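Novice: There's a structure below that I have some questions on.
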Amino acid sequence: MLAIMRREFKAYFTSPIGYIVVAAFFLMSGVFFSQLVAYGVADMRNLFSTMYTVIMFLIPVLTMRLMSEDKKIKTDQILLTSPVTITGVVLGKYFAALLVYIVATLSTVVQCLMVGLFTTPEWGVIFTNYIGMILLGATFIAIGMFISSLTENQVVSAIGAIAASILVTVMDSIVPKINIEFLDAFLTDATFSSRYNEFMTGVIDFSNIMFFLSIIAVFLFLSGRVLEKRRWA
């Protein structure tokens with residue numbers, strides 16, 4: 001697994017993708033931060049809240065090549081016939097993408113330190129915001145990775161991941177149009193944005209952590225099953 005993770009992490013920075021994701025994340029967080037400063041707002045929760053949209057569109061760029069590239073250039077056959085387990089391949093690729101995302105996320109520490117120069121931030125709330133942002137990104141990476149495993153076309157993979165991200169985000173707006181009680185409750189609980197926003201308030205709810213971890217586990221399992229099927233095809 002570690003060998004796969006090192007290989008994938010290095011691949012992100014031998015191509016423009018890793019640099020694009022980190023630079024775009026830093027740039028957009030800087031733009032949002034400058035707008036907050038212009039309006040005299042020093043609450044970092046506003047920055048983390050607006051970063052949801054950035055995460056939603058940047059993660060597909062990060063995951064579009066995870067599985068589809070190997071499938072396109074046929075290097076997946078080497079992986080599938082190597083002594084590495086399917087679980088090792090999936091986790092290695094997943095943690096490589098997650099590590100790049102964490103590097104991008106930590107770029108926002110600069111803004112937090114700048115706020116700390118002029119006021120006293122609620123560091124506990126900021127820490128909780130980071131937990132929420134990392135869990136959200138980790139979940140989108142798992143979903144994007146699964147979609148990438150279904151196709152060899154990176155563009156299709158990216159578009160599919162964006163569509164999935166939008167779907168799990170707007171489910172709370174779909175709820176009022178559905179009159180089935182149990183389905184309304186399910187869609188409300190399954191909305192990513194509402195779960196993420198609870199972290200933005202500075203509250204760590206164990207149920208929200210388990211929600212994101214469960215989604216991650218499901219999509220990593222599905223990615224593994226796709227690879228397993230390909231191995232025996």
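Identifiers in this document derive from the order of the structure tokens: chains are assigned A, B, ..., residues are numbered from 1 separately in each chain, and ligands are numbered from 1 in order of occurrence.
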Go through segment 75-202 of chain A and collect every residue that DSSP, computed from the backbone, puts in helix (DSSP H, G or I); the answer should be as a PyMOL selection string.
Specialist: chain A and resi 76-81+86-106+109-118+123-149+154-177+181-189+192-200
Novice: Would you save the residues from that selection as a compact mmCIF listing (two decimals), in the first residue's frame, using C-alpha atoms?
Specialist:
```
# COMPACT_ATOMS: atom_id res chain seq x y z
CA ASP A 76 -3.97 -1.59 -14.25
CA GLN A 77 -3.12 -5.09 -15.46
CA ILE A 78 0.29 -4.79 -13.83
CA LEU A 79 -1.28 -3.69 -10.56
CA LEU A 80 -3.91 -6.43 -10.64
CA THR A 81 -1.34 -9.17 -11.25
CA ILE A 86 -6.90 -5.02 -4.09
CA THR A 87 -7.35 -3.30 -0.74
CA GLY A 88 -3.74 -2.13 -0.84
CA VAL A 89 -4.18 -0.67 -4.33
CA VAL A 90 -7.40 1.15 -3.40
CA LEU A 91 -6.08 2.52 -0.10
CA GLY A 92 -2.73 3.49 -1.60
CA LYS A 93 -4.37 5.55 -4.31
CA TYR A 94 -6.93 6.99 -1.92
CA PHE A 95 -4.42 8.15 0.70
CA ALA A 96 -2.18 9.68 -1.99
CA ALA A 97 -5.06 11.87 -3.19
CA LEU A 98 -6.06 12.61 0.41
CA LEU A 99 -2.51 13.71 1.24
CA VAL A 100 -2.46 16.15 -1.69
CA TYR A 101 -5.82 17.51 -0.53
CA ILE A 102 -4.55 17.96 3.04
CA VAL A 103 -1.52 19.87 1.71
CA ALA A 104 -3.91 22.15 -0.20
CA THR A 105 -6.13 22.55 2.87
CA LEU A 106 -3.23 23.54 5.11
CA VAL A 109 -3.33 28.32 7.75
CA VAL A 110 -1.75 31.49 6.33
CA GLN A 111 -5.10 33.30 6.54
CA CYS A 112 -5.69 32.03 10.09
CA LEU A 113 -2.30 33.36 11.19
CA MET A 114 -3.01 36.72 9.54
CA VAL A 115 -6.26 37.02 11.50
CA GLY A 116 -4.34 36.08 14.65
CA LEU A 117 -2.11 39.13 14.18
CA PHE A 118 -5.02 41.55 14.61
CA TRP A 123 -8.73 28.40 17.71
CA GLY A 124 -10.96 25.57 18.94
CA VAL A 125 -13.62 26.51 16.40
CA ILE A 126 -11.00 26.83 13.65
CA PHE A 127 -9.67 23.35 14.49
CA THR A 128 -13.22 21.96 14.28
CA ASN A 129 -13.64 23.67 10.90
CA TYR A 130 -10.49 21.97 9.64
CA ILE A 131 -11.81 18.58 10.78
CA GLY A 132 -15.02 19.20 8.85
CA MET A 133 -13.17 20.38 5.75
CA ILE A 134 -10.86 17.35 5.75
CA LEU A 135 -13.75 14.91 6.29
CA LEU A 136 -15.76 16.54 3.50
CA GLY A 137 -12.82 16.40 1.09
CA ALA A 138 -12.00 12.81 2.09
CA THR A 139 -15.60 11.81 1.32
CA PHE A 140 -15.63 13.53 -2.06
CA ILE A 141 -12.30 11.83 -2.88
CA ALA A 142 -13.79 8.40 -2.13
CA ILE A 143 -16.80 9.15 -4.35
CA GLY A 144 -14.61 10.56 -7.14
CA MET A 145 -12.31 7.57 -6.95
CA PHE A 146 -15.22 5.18 -7.41
CA ILE A 147 -16.47 7.10 -10.43
CA SER A 148 -12.92 7.13 -11.84
CA SER A 149 -12.84 3.33 -11.54
CA GLN A 154 -10.69 11.35 -17.28
CA VAL A 155 -13.10 14.05 -18.49
CA VAL A 156 -16.07 11.75 -17.99
CA SER A 157 -14.71 10.86 -14.57
CA ALA A 158 -14.41 14.54 -13.57
CA ILE A 159 -17.88 15.43 -14.86
CA GLY A 160 -19.41 12.42 -13.10
CA ALA A 161 -17.72 13.36 -9.81
CA ILE A 162 -18.93 16.96 -10.09
CA ALA A 163 -22.48 15.77 -10.81
CA ALA A 164 -22.37 13.46 -7.78
CA SER A 165 -21.03 16.29 -5.59
CA ILE A 166 -23.82 18.61 -6.69
CA LEU A 167 -26.43 15.92 -6.10
CA VAL A 168 -25.41 15.25 -2.49
CA THR A 169 -25.28 19.01 -1.93
CA VAL A 170 -28.72 19.98 -3.21
CA MET A 171 -30.64 17.09 -1.68
CA ASP A 172 -31.96 19.39 1.05
CA SER A 173 -33.63 21.53 -1.62
CA ILE A 174 -35.23 18.42 -3.14
CA VAL A 175 -36.74 17.40 0.19
CA PRO A 176 -39.65 19.91 0.22
CA LYS A 177 -40.85 18.60 -3.14
CA GLU A 181 -42.15 11.14 5.08
CA PHE A 182 -39.41 8.54 5.57
CA LEU A 183 -37.70 9.62 2.32
CA ASP A 184 -37.79 13.26 3.40
CA ALA A 185 -36.04 12.37 6.64
CA PHE A 186 -33.46 10.23 4.84
CA LEU A 187 -32.56 12.91 2.28
CA THR A 188 -32.30 15.57 4.98
CA ASP A 189 -29.92 13.42 7.01
CA PHE A 192 -23.49 16.78 2.89
CA SER A 193 -23.85 20.55 3.21
CA SER A 194 -25.96 20.38 6.39
CA ARG A 195 -23.51 17.93 7.99
CA TYR A 196 -20.56 20.11 6.98
CA ASN A 197 -22.20 23.29 8.29
CA GLU A 198 -22.48 21.77 11.76
CA PHE A 199 -18.69 21.61 11.91
CA MET A 200 -18.60 25.29 10.95
```
Novice: What separation in Å, quoted to one decimal, exists between atom CA of Phe25 of chain A and atom CA of Leu62 of chain A?
Specialist: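 Atom CA of Leu62 of chain A lies at a distance of 11.6 Å from atom CA of Phe25 of chain A.
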Novice: Calculated over only C-alpha atoms, which of the candidates A:Ala24, A:Ile73, A:Val84, A:Ala38 has the smallest distance to Ile59 of chain A?
Specialist: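 Using only C-alpha atoms, Ile59 of chain A sits closest to A:Ala24.
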Novice: Could you jot down the atom CA of Ile55 of chain A to atom CA of Glu228 of chain A separation for me, Å, one decimal place?
Specialist: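 It comes out at 29.5 Å.
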